[in-house]
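> There's a structure below that I have some questions on.
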Amino acid sequence: MASASAPRPDRTADAAFAARAADLDARDPLAAYPARFIGHDDPEIVAYLDGNSLGRPPKAAARRMADLVEQQWGRRLIRGWDEGWFDLPLTIGDRLARTVLGAAPGQATIGDSTTVLLFKLISGGLDLRPGRTEIVLDRENFPTDRYLLESIAAQRGLTLRWLEPDPALGVTTADLDSVIGEQTALVVLSHVAYRSGFLVDAPAAARAAHESGALLLLDLCHSAGSVELALDDWGVDLAVGCTYKYLNGGPGSPAFAYVAASHQERFAQPIWGWMGAADSFAMGQGYEPSPGIRRVISGTPAITGMVAIEDTLDMLDEVGMGAVRAKSVALTSFAQEAAAEVLAPFGVVLSSPSDPAMRGGHITLDHPDFRAVVARLWERGVIPDFRNPTGIRVGLSPLSTTFAEAWAGIEAIAEELSA
Ligand SMILES: *Cc1c(COP(=O)(O)O)cnc(C)c1O
């Protein structure tokens with residue numbers, strides 16, 4: 001293993017990577033978009049490589065949020081609920097479905113945190129398959145997904161069937177075929193793995209689940225806004241995802257839920273509230289769920305939290321998800337190549353699929369010194385994520401990240417490793 005005090009072996013590649021980054025930026029069809037985010041020209045932020053954890057704020061979002069406070073909230077007051085707020089979770093949900101999810105209207109809503117929506121959709125999904133005793137999940141999934149499934153399985157007396165995928169890859173169709181059976185009620189997977197970036201073959205996973213009569217729930221936190229989705233065509237039953245990552249909704253912006261139309265009539269979630277009832281303002285006795293996707297809602301939706309999502313949807317509408325995915329592939333491929341050339345000599349390894357078709361919008365690099373390196377990177381304005389135990393996650397948000405930033409990040413890691 002290379003020691004942290006090794007000199008930079010050879011810097012002749014650096015100028016070539018810097019020139020290639022400049023050239024890729026000059027030819028980037030999305031080149032106009034980074035400047036549409038606040039902080040893009042802040043000299044203290046040398047490289048923001050964590051837009052997959054908290055997206056940058058769109059400039060338009062600042063105007064939209066000011067308008068919400070000063071005009072809608074300030075002047076329309078309680079009338080705002082009749083003038084759009086009551087249906088806003090469904091209105092934004094339909095826009096998200098069309099632009100990002102590959103889903104027809106009436107199947108998506110904006111709601112609670114991802115964690116809470118996961119609880120609601122897992123519970124509702126299990127109730128669609130009564131009598132079945134098993135849930136399929138994997139050790140590499142995000143902690144909240146694993147913890148919730150542990151809690152729900154304990155409450156209901158169900159068995160968790162754990163997959164143990166290669167941490168640098170993810171759950172394959174063969175893995176799924178080895179555990180899904182006639183007792184499987186639900187398969188819960190992250191579409192893009194939060195650490196490795198592995199991209200699950202979603203249509204194959206849906207087929208594998210359905211062949212045994214089970215349902216597929218996909219966590220889309222790291223795919224919404226970075227990879228193309230076709231939930232309806234793939235036959236995904238249920239899905240949830242974050243809006244503060246690639247959708248740039250802001251810290252704590254509420255998550256989204258998708259329930260396929262074919263399940264909605266029988267779908268029930270356990271947090272019965274007045275805003276998901278058939279007639280919210282009848283205030284009657286006894287809960288009766290609203291028809292359609294509204295039944296996923298429980299209480300008063302977080303209007304102040306969800307409006308900023310629309311500005312990213314505006315940009316995604318302009319460019320289309322195909323162009324976003326193409327830039328994402330170009331960014332991760334460039335970062336991978338630069339890492340192979342200038343970081344591998346220090347013993348840095350790629351802990352992500354090497355084929356861009358098999359990963360989402362980030363790559364993870366591992367080296368024993370990375371915990372300390374990340375602390376020093378943050379001090380110099382290079383901001384990736386540290387991921388236990390030794391990972392740097394390089395998140396490359398296609399609308400807001402430049403190739404120059406990607407190179408600046410890799411170069412800074414090399415400098416810190418040789419410091
Ligand atoms: C970011 C992320 C979450 C976050 O859940 P919250 O309830 O918003 O904190 C959940 N699942 C995955 C896969 C994530 O990447």
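So you can find residues: chains in the structure tokens are A, B, ... in the order shown, residues in each start at 1, and ligands are numbered from 1 in order.
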Could you tell me, counting only C-alpha atoms and all ligand atoms, which protein and nucleic acid residues lie no more than 7 Å from ligand 1, written as a list in words?

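Result of the 7 Å neighbour search around ligand 1: Ser53, Ser113, Thr114, Thr115, Val116, Asn141, Phe142, Thr144, Asp145, Ser190, Ala193, Tyr194, Asp219, Leu220, Cys221, His222, Cys242, Gly252 and Ala255 of chain A.
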
> Could you pull the residues within 8 Å of A:Gly276, counting only C-alpha atoms, minus those fewer than 3 positions along the same chain, as a list of chain:residue names?

A:Trp272, A:Gly273, A:Ser280, A:Pro289, A:Ser290, A:Arg294, A:Arg295, A:Val296, A:Ile297, A:Ser298, A:Gly299

> Would you mind listing what lies within 7 Å of A:Ala21 as a PyMOL selection string, with only C-alpha atoms counted and same-chain residues fewer than 6 positions away left out?

chain A and resi 403-404+407

> Go ahead and save the picked residues with N, CA, C and O atoms, as a PDB file, in the first residue's frame.


ATOM      1  N   PHE A 403     -16.955  19.814 -15.863  1.00  0.00           N
ATOM      2  CA  PHE A 403     -15.818  18.890 -15.970  1.00  0.00           C
ATOM      3  C   PHE A 403     -14.596  19.478 -15.261  1.00  0.00           C
ATOM      4  O   PHE A 403     -13.801  18.739 -14.672  1.00  0.00           O
ATOM      5  N   ALA A 404     -14.478  20.806 -15.298  1.00  0.00           N
ATOM      6  CA  ALA A 404     -13.354  21.456 -14.604  1.00  0.00           C
ATOM      7  C   ALA A 404     -13.416  21.176 -13.106  1.00  0.00           C
ATOM      8  O   ALA A 404     -12.386  20.938 -12.462  1.00  0.00           O
ATOM      9  N   TRP A 407     -12.285  17.611 -12.447  1.00  0.00           N
ATOM     10  CA  TRP A 407     -10.824  17.506 -12.480  1.00  0.00           C
ATOM     11  C   TRP A 407     -10.200  18.157 -11.241  1.00  0.00           C
ATOM     12  O   TRP A 407      -9.289  17.602 -10.626  1.00  0.00           O
TER      13      TRP A 407
END

> List every residue of stretch 28-131 of chain A that has an atom at most 10 Å from any atom of stretch 152-173 of chain A, and for each one report the closest atom pair and its distance in Å to one decimal, counting only C-alpha atoms, with rows sorted by chain and then by increasing residue number, as JSON lines.


{"residue": "A:Phe119", "atom": "CA", "partner": "A:Ile152", "partner_atom": "CA", "distance": 8.1}
{"residue": "A:Ile122", "atom": "CA", "partner": "A:Ile152", "partner_atom": "CA", "distance": 8.3}
{"residue": "A:Ser123", "atom": "CA", "partner": "A:Ile152", "partner_atom": "CA", "distance": 7.6}
{"residue": "A:Leu126", "atom": "CA", "partner": "A:Ile152", "partner_atom": "CA", "distance": 9.8}

> What's around stretch 347-353 of chain A at 9 Å? Count only C-alpha atoms, leave out sequence neighbours fewer than 6 positions away in its own chain, and write the answer as JSON, numbers by chain.

{"A": [1, 2, 3, 167, 168, 169, 170, 195, 196, 197, 198, 199, 336, 339, 340, 359, 362, 363, 364, 365, 366, 367, 368, 391]}

> Would you mind exporting the chosen residues as an mmCIF file, in the first residue's frame, restricted to N, CA, C and O atoms?


data_model
loop_
_atom_site.group_PDB
_atom_site.id
_atom_site.type_symbol
_atom_site.label_atom_id
_atom_site.label_comp_id
_atom_site.auth_asym_id
_atom_site.auth_seq_id
_atom_site.Cartn_x
_atom_site.Cartn_y
_atom_site.Cartn_z
ATOM 1 N N MET A 1 0.843 -1.208 0.000
ATOM 2 C CA MET A 1 0.000 0.000 0.000
ATOM 3 C C MET A 1 0.877 1.257 0.000
ATOM 4 O O MET A 1 1.840 1.352 0.745
ATOM 5 N N ALA A 2 0.534 2.209 -0.836
ATOM 6 C CA ALA A 2 1.330 3.440 -0.941
ATOM 7 C C ALA A 2 1.199 4.247 0.349
ATOM 8 O O ALA A 2 0.133 4.299 0.950
ATOM 9 N N SER A 3 2.267 4.868 0.787
ATOM 10 C CA SER A 3 2.192 5.648 2.018
ATOM 11 C C SER A 3 1.720 7.055 1.702
ATOM 12 O O SER A 3 1.846 7.544 0.584
ATOM 13 N N PRO A 167 -19.705 -5.173 -2.330
ATOM 14 C CA PRO A 167 -19.899 -3.759 -1.983
ATOM 15 C C PRO A 167 -19.493 -2.796 -3.088
ATOM 16 O O PRO A 167 -19.968 -1.661 -3.127
ATOM 17 N N ALA A 168 -18.604 -3.221 -3.982
ATOM 18 C CA ALA A 168 -18.213 -2.337 -5.083
ATOM 19 C C ALA A 168 -19.163 -2.483 -6.271
ATOM 20 O O ALA A 168 -19.030 -1.759 -7.253
ATOM 21 N N LEU A 169 -20.092 -3.425 -6.175
ATOM 22 C CA LEU A 169 -21.098 -3.583 -7.230
ATOM 23 C C LEU A 169 -22.459 -3.457 -6.561
ATOM 24 O O LEU A 169 -22.694 -2.523 -5.823
ATOM 25 N N GLY A 170 -23.354 -4.396 -6.825
ATOM 26 C CA GLY A 170 -24.678 -4.319 -6.215
ATOM 27 C C GLY A 170 -25.481 -5.556 -6.547
ATOM 28 O O GLY A 170 -24.932 -6.572 -6.987
ATOM 29 N N ARG A 195 -23.640 3.869 -2.113
ATOM 30 C CA ARG A 195 -22.183 3.918 -1.966
ATOM 31 C C ARG A 195 -21.496 3.611 -3.293
ATOM 32 O O ARG A 195 -20.766 4.435 -3.822
ATOM 33 N N SER A 196 -21.760 2.458 -3.880
ATOM 34 C CA SER A 196 -21.027 2.074 -5.093
ATOM 35 C C SER A 196 -21.554 2.769 -6.347
ATOM 36 O O SER A 196 -20.844 2.870 -7.348
ATOM 37 N N GLY A 197 -22.802 3.194 -6.320
ATOM 38 C CA GLY A 197 -23.413 3.754 -7.528
ATOM 39 C C GLY A 197 -23.972 2.703 -8.473
ATOM 40 O O GLY A 197 -24.477 3.057 -9.546
ATOM 41 N N PHE A 198 -23.903 1.419 -8.084
ATOM 42 C CA PHE A 198 -24.395 0.329 -8.949
ATOM 43 C C PHE A 198 -25.850 0.574 -9.342
ATOM 44 O O PHE A 198 -26.681 0.920 -8.509
ATOM 45 N N LEU A 199 -26.125 0.375 -10.633
ATOM 46 C CA LEU A 199 -27.470 0.583 -11.173
ATOM 47 C C LEU A 199 -28.149 -0.776 -11.340
ATOM 48 O O LEU A 199 -27.722 -1.610 -12.143
ATOM 49 N N GLN A 336 -13.484 8.867 -13.573
ATOM 50 C CA GLN A 336 -12.915 7.521 -13.439
ATOM 51 C C GLN A 336 -11.549 7.450 -14.123
ATOM 52 O O GLN A 336 -10.581 6.903 -13.570
ATOM 53 N N ALA A 339 -8.996 9.457 -12.171
ATOM 54 C CA ALA A 339 -8.628 8.757 -10.940
ATOM 55 C C ALA A 339 -7.687 7.594 -11.253
ATOM 56 O O ALA A 339 -6.717 7.346 -10.523
ATOM 57 N N ALA A 340 -7.987 6.874 -12.343
ATOM 58 C CA ALA A 340 -7.136 5.727 -12.711
ATOM 59 C C ALA A 340 -5.717 6.205 -13.007
ATOM 60 O O ALA A 340 -4.735 5.527 -12.690
ATOM 61 N N ARG A 359 -23.803 2.012 -13.727
ATOM 62 C CA ARG A 359 -23.779 2.852 -12.523
ATOM 63 C C ARG A 359 -24.581 4.129 -12.755
ATOM 64 O O ARG A 359 -24.890 4.481 -13.892
ATOM 65 N N HIS A 362 -22.605 8.853 -9.632
ATOM 66 C CA HIS A 362 -21.435 9.077 -8.783
ATOM 67 C C HIS A 362 -20.506 7.870 -8.850
ATOM 68 O O HIS A 362 -20.909 6.786 -9.267
ATOM 69 N N ILE A 363 -19.248 8.105 -8.459
ATOM 70 C CA ILE A 363 -18.328 6.985 -8.270
ATOM 71 C C ILE A 363 -17.746 7.088 -6.868
ATOM 72 O O ILE A 363 -17.666 8.184 -6.292
ATOM 73 N N THR A 364 -17.352 5.955 -6.332
ATOM 74 C CA THR A 364 -16.714 5.932 -5.018
ATOM 75 C C THR A 364 -15.288 5.413 -5.163
ATOM 76 O O THR A 364 -15.035 4.439 -5.877
ATOM 77 N N LEU A 365 -14.371 6.124 -4.505
ATOM 78 C CA LEU A 365 -12.955 5.764 -4.499
ATOM 79 C C LEU A 365 -12.581 5.415 -3.071
ATOM 80 O O LEU A 365 -13.092 6.033 -2.127
ATOM 81 N N ASP A 366 -11.710 4.435 -2.905
ATOM 82 C CA ASP A 366 -11.308 4.050 -1.545
ATOM 83 C C ASP A 366 -9.798 4.117 -1.376
ATOM 84 O O ASP A 366 -9.033 3.772 -2.289
ATOM 85 N N HIS A 367 -9.401 4.588 -0.186
ATOM 86 C CA HIS A 367 -7.984 4.633 0.212
ATOM 87 C C HIS A 367 -7.963 4.755 1.734
ATOM 88 O O HIS A 367 -8.787 5.477 2.306
ATOM 89 N N PRO A 368 -7.016 4.076 2.407
ATOM 90 C CA PRO A 368 -7.026 4.084 3.877
ATOM 91 C C PRO A 368 -6.938 5.474 4.498
ATOM 92 O O PRO A 368 -7.395 5.680 5.628
ATOM 93 N N GLY A 391 -14.032 5.614 2.136
ATOM 94 C CA GLY A 391 -14.465 6.024 0.800
ATOM 95 C C GLY A 391 -14.592 7.525 0.604
ATOM 96 O O GLY A 391 -15.022 8.251 1.511
#

> Select, from A:Leu77, A:Leu189, A:Leu121, A:Leu30, the residue with the minimum atom-to-atom distance to A:Phe267, counting only C-alpha atoms.

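Answer, going by the shortest atom-to-atom distance: A:Leu121.
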
> As a PyMOL selection string, please: all residues of stretch 66-245 of chain A that backbone DSSP puts in strand (DSSP E or B).

chain A and resi 108-110+134-138+159-163+184-190+192+198-199+215-219+238-241

> Identify, on the basis of only C-alpha atoms, every residue whose closest approach to A:Ala61 does not exceed 12 Å; exclude the query and any residue fewer than 5 positions from it along the same chain; express the result as a ChimeraX atom specification.

/A:36-38,56,66-68,247-250,304-315

> Using C-alpha atoms, can you write the selected residues to a file as a short mmCIF file (atom, residue, chain, number, x, y, z; two decimals), in the first residue's frame?


data_model
loop_
_atom_site.label_atom_id
_atom_site.label_comp_id
_atom_site.auth_asym_id
_atom_site.auth_seq_id
_atom_site.Cartn_x
_atom_site.Cartn_y
_atom_site.Cartn_z
CA ARG A 36 -28.09 28.88 -13.12
CA PHE A 37 -27.20 27.74 -9.58
CA ILE A 38 -26.39 29.97 -6.61
CA ARG A 56 -27.11 23.30 -5.10
CA ALA A 66 -39.48 34.74 -2.06
CA ASP A 67 -42.69 34.87 -4.11
CA LEU A 68 -44.21 32.13 -1.98
CA LEU A 247 -33.69 17.44 -7.75
CA ASN A 248 -32.18 20.35 -5.75
CA GLY A 249 -35.26 20.88 -3.55
CA GLY A 250 -33.20 22.15 -0.58
CA THR A 304 -42.71 25.79 1.87
CA GLY A 305 -40.47 22.74 1.43
CA MET A 306 -41.62 21.55 -1.96
CA VAL A 307 -41.82 24.59 -4.24
CA ALA A 308 -38.11 24.71 -5.15
CA ILE A 309 -38.33 21.29 -6.84
CA GLU A 310 -40.22 22.98 -9.69
CA ASP A 311 -37.17 24.95 -10.75
CA THR A 312 -35.15 21.82 -11.33
CA LEU A 313 -38.13 20.25 -13.12
CA ASP A 314 -38.19 23.35 -15.36
CA MET A 315 -34.53 22.77 -16.27
#

> Counting only C-alpha atoms, what is within 12 Å of stretch 78-82 of chain A, bar same-chain residues fewer than 4 positions away, as a list in words?

Leu68, Val69, Gln71, Gln72, Trp73, Gly74, Phe86, Asp87, Leu88, Pro89, Met275, Phe281, Thr300, Pro301, Ala302, Ile303 and Thr304 of chain A

> Can I get the selected residues back with all heavy atoms, as a short mmCIF file (atom, residue, chain, number, x, y, z; two decimals), in the first residue's frame?


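Final file, out.cif:
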data_model
loop_
_atom_site.label_atom_id
_atom_site.label_comp_id
_atom_site.auth_asym_id
_atom_site.auth_seq_id
_atom_site.Cartn_x
_atom_site.Cartn_y
_atom_site.Cartn_z
N LEU A 68 -43.32 32.90 -2.84
CA LEU A 68 -44.21 32.13 -1.98
C LEU A 68 -44.46 32.88 -0.67
O LEU A 68 -45.59 33.00 -0.21
CB LEU A 68 -43.61 30.74 -1.69
CG LEU A 68 -44.38 29.92 -0.66
CD1 LEU A 68 -45.73 29.46 -1.21
CD2 LEU A 68 -43.59 28.72 -0.20
N VAL A 69 -43.36 33.40 -0.08
CA VAL A 69 -43.51 34.06 1.22
C VAL A 69 -44.21 35.41 1.06
O VAL A 69 -45.19 35.70 1.77
CB VAL A 69 -42.12 34.25 1.87
CG1 VAL A 69 -42.25 35.06 3.17
CG2 VAL A 69 -41.47 32.90 2.15
N GLN A 71 -45.81 36.94 -1.64
CA GLN A 71 -47.07 37.09 -2.36
C GLN A 71 -48.10 36.06 -1.88
O GLN A 71 -49.16 36.43 -1.37
CB GLN A 71 -46.84 36.96 -3.88
CG GLN A 71 -45.87 37.98 -4.44
CD GLN A 71 -46.27 39.41 -4.14
OE1 GLN A 71 -47.46 39.77 -4.16
NE2 GLN A 71 -45.29 40.25 -3.83
N GLN A 72 -47.77 34.76 -2.05
CA GLN A 72 -48.80 33.76 -1.76
C GLN A 72 -49.14 33.69 -0.27
O GLN A 72 -50.27 33.91 0.13
CB GLN A 72 -48.32 32.39 -2.24
CG GLN A 72 -48.12 32.31 -3.74
CD GLN A 72 -47.74 30.90 -4.16
OE1 GLN A 72 -48.31 29.92 -3.70
NE2 GLN A 72 -46.75 30.80 -5.03
N TRP A 73 -48.11 33.42 0.55
CA TRP A 73 -48.34 33.32 1.99
C TRP A 73 -48.70 34.71 2.54
O TRP A 73 -49.66 34.87 3.30
CB TRP A 73 -47.08 32.74 2.63
CG TRP A 73 -47.10 32.57 4.11
CD1 TRP A 73 -48.19 32.65 4.94
CD2 TRP A 73 -45.96 32.30 4.94
NE1 TRP A 73 -47.79 32.44 6.24
CE2 TRP A 73 -46.43 32.22 6.27
CE3 TRP A 73 -44.61 32.10 4.70
CZ2 TRP A 73 -45.57 31.97 7.34
CZ3 TRP A 73 -43.76 31.85 5.76
CH2 TRP A 73 -44.23 31.79 7.07
N GLY A 74 -47.92 35.71 2.12
CA GLY A 74 -48.08 37.06 2.69
C GLY A 74 -49.41 37.70 2.35
O GLY A 74 -50.01 38.38 3.20
N PHE A 86 -53.47 22.99 -1.82
CA PHE A 86 -54.07 21.70 -1.45
C PHE A 86 -53.66 20.60 -2.44
O PHE A 86 -53.38 19.47 -2.04
CB PHE A 86 -55.60 21.84 -1.40
CG PHE A 86 -56.31 20.59 -0.96
CD1 PHE A 86 -56.25 20.17 0.37
CD2 PHE A 86 -57.03 19.82 -1.86
CE1 PHE A 86 -56.90 19.00 0.78
CE2 PHE A 86 -57.67 18.65 -1.46
CZ PHE A 86 -57.61 18.25 -0.14
N ASP A 87 -53.61 20.96 -3.70
CA ASP A 87 -53.27 19.96 -4.72
C ASP A 87 -51.80 20.00 -5.12
O ASP A 87 -51.38 19.21 -5.98
CB ASP A 87 -54.14 20.16 -5.97
CG ASP A 87 -55.54 19.61 -5.77
OD1 ASP A 87 -55.68 18.61 -5.04
OD2 ASP A 87 -56.49 20.20 -6.31
N LEU A 88 -51.00 20.87 -4.52
CA LEU A 88 -49.62 21.03 -4.98
C LEU A 88 -48.81 19.72 -4.92
O LEU A 88 -48.03 19.44 -5.84
CB LEU A 88 -48.91 22.15 -4.20
CG LEU A 88 -47.62 22.65 -4.86
CD1 LEU A 88 -47.90 23.28 -6.23
CD2 LEU A 88 -46.90 23.66 -3.96
N PRO A 89 -48.98 18.90 -3.88
CA PRO A 89 -48.21 17.63 -3.86
C PRO A 89 -48.51 16.77 -5.10
O PRO A 89 -47.61 16.11 -5.63
CB PRO A 89 -48.70 16.92 -2.60
CG PRO A 89 -49.26 17.99 -1.73
CD PRO A 89 -49.79 19.05 -2.66
N MET A 275 -55.75 14.68 5.50
CA MET A 275 -55.42 15.19 4.17
C MET A 275 -55.37 14.08 3.11
O MET A 275 -55.31 14.36 1.93
CB MET A 275 -54.08 15.92 4.20
CG MET A 275 -54.19 17.32 4.76
SD MET A 275 -54.77 18.47 3.49
CE MET A 275 -54.82 20.00 4.43
N PHE A 281 -62.43 18.07 3.97
CA PHE A 281 -63.11 19.17 4.66
C PHE A 281 -64.50 18.80 5.15
O PHE A 281 -65.17 19.59 5.78
CB PHE A 281 -63.08 20.43 3.79
CG PHE A 281 -61.66 20.92 3.66
CD1 PHE A 281 -60.88 20.59 2.55
CD2 PHE A 281 -61.07 21.65 4.69
CE1 PHE A 281 -59.56 21.00 2.46
CE2 PHE A 281 -59.75 22.06 4.60
CZ PHE A 281 -59.00 21.73 3.49
N THR A 300 -51.04 17.83 6.72
CA THR A 300 -50.81 19.04 5.91
C THR A 300 -49.46 18.98 5.20
O THR A 300 -48.43 18.82 5.85
CB THR A 300 -50.86 20.27 6.83
OG1 THR A 300 -52.12 20.26 7.51
CG2 THR A 300 -50.73 21.56 6.03
N PRO A 301 -49.46 19.08 3.89
CA PRO A 301 -48.20 18.95 3.15
C PRO A 301 -47.28 20.16 3.34
O PRO A 301 -47.75 21.27 3.59
CB PRO A 301 -48.64 18.82 1.69
CG PRO A 301 -50.02 19.38 1.64
CD PRO A 301 -50.63 19.21 3.00
N ALA A 302 -45.97 19.92 3.22
CA ALA A 302 -44.95 20.95 3.46
C ALA A 302 -44.79 21.82 2.21
O ALA A 302 -43.86 21.66 1.43
CB ALA A 302 -43.63 20.29 3.83
N ILE A 303 -45.70 22.76 2.04
CA ILE A 303 -45.68 23.62 0.85
C ILE A 303 -44.37 24.40 0.77
O ILE A 303 -43.75 24.49 -0.30
CB ILE A 303 -46.89 24.58 0.86
CG1 ILE A 303 -48.21 23.80 0.91
CG2 ILE A 303 -46.84 25.53 -0.34
CD1 ILE A 303 -48.43 22.82 -0.22
N THR A 304 -43.95 24.98 1.91
CA THR A 304 -42.71 25.79 1.87
C THR A 304 -41.51 24.93 1.49
O THR A 304 -40.52 25.44 0.98
CB THR A 304 -42.43 26.44 3.25
OG1 THR A 304 -42.57 25.44 4.26
CG2 THR A 304 -43.41 27.57 3.54
#

> Interatomic distance between atom CA of A:Ser253 and atom CA of A:Ile110?

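It comes out at 9.4 Å.
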
> So the first atom is atom CA of A:Arg129 and the second is atom CA of A:Ala214; what is the distance between them in Å, to one decimal place?

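These atoms are spaced 7.3 Å apart.
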
> I'd like to know which residues of stretch 168-367 of chain A are alpha helix (DSSP H) (by DSSP, run on the backbone); could you write them as a count of residues only?

58

> Given only C-alpha atoms as the basis, pick out the residue of A:Ile92, A:Val259, A:Leu137, A:Leu49 nearest to A:Leu238.

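Once distances to A:Leu238 are computed over only C-alpha atoms, the minimum belongs to A:Val259.
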
> If we count only C-alpha atoms, what is near A:Ala406 at a cut-off of 9 Å, once residues fewer than 3 positions away on the same chain are taken out, given as a ChimeraX atom specification?

/A:21,47-49,331-332,334-335,394,396,401-403,409-411
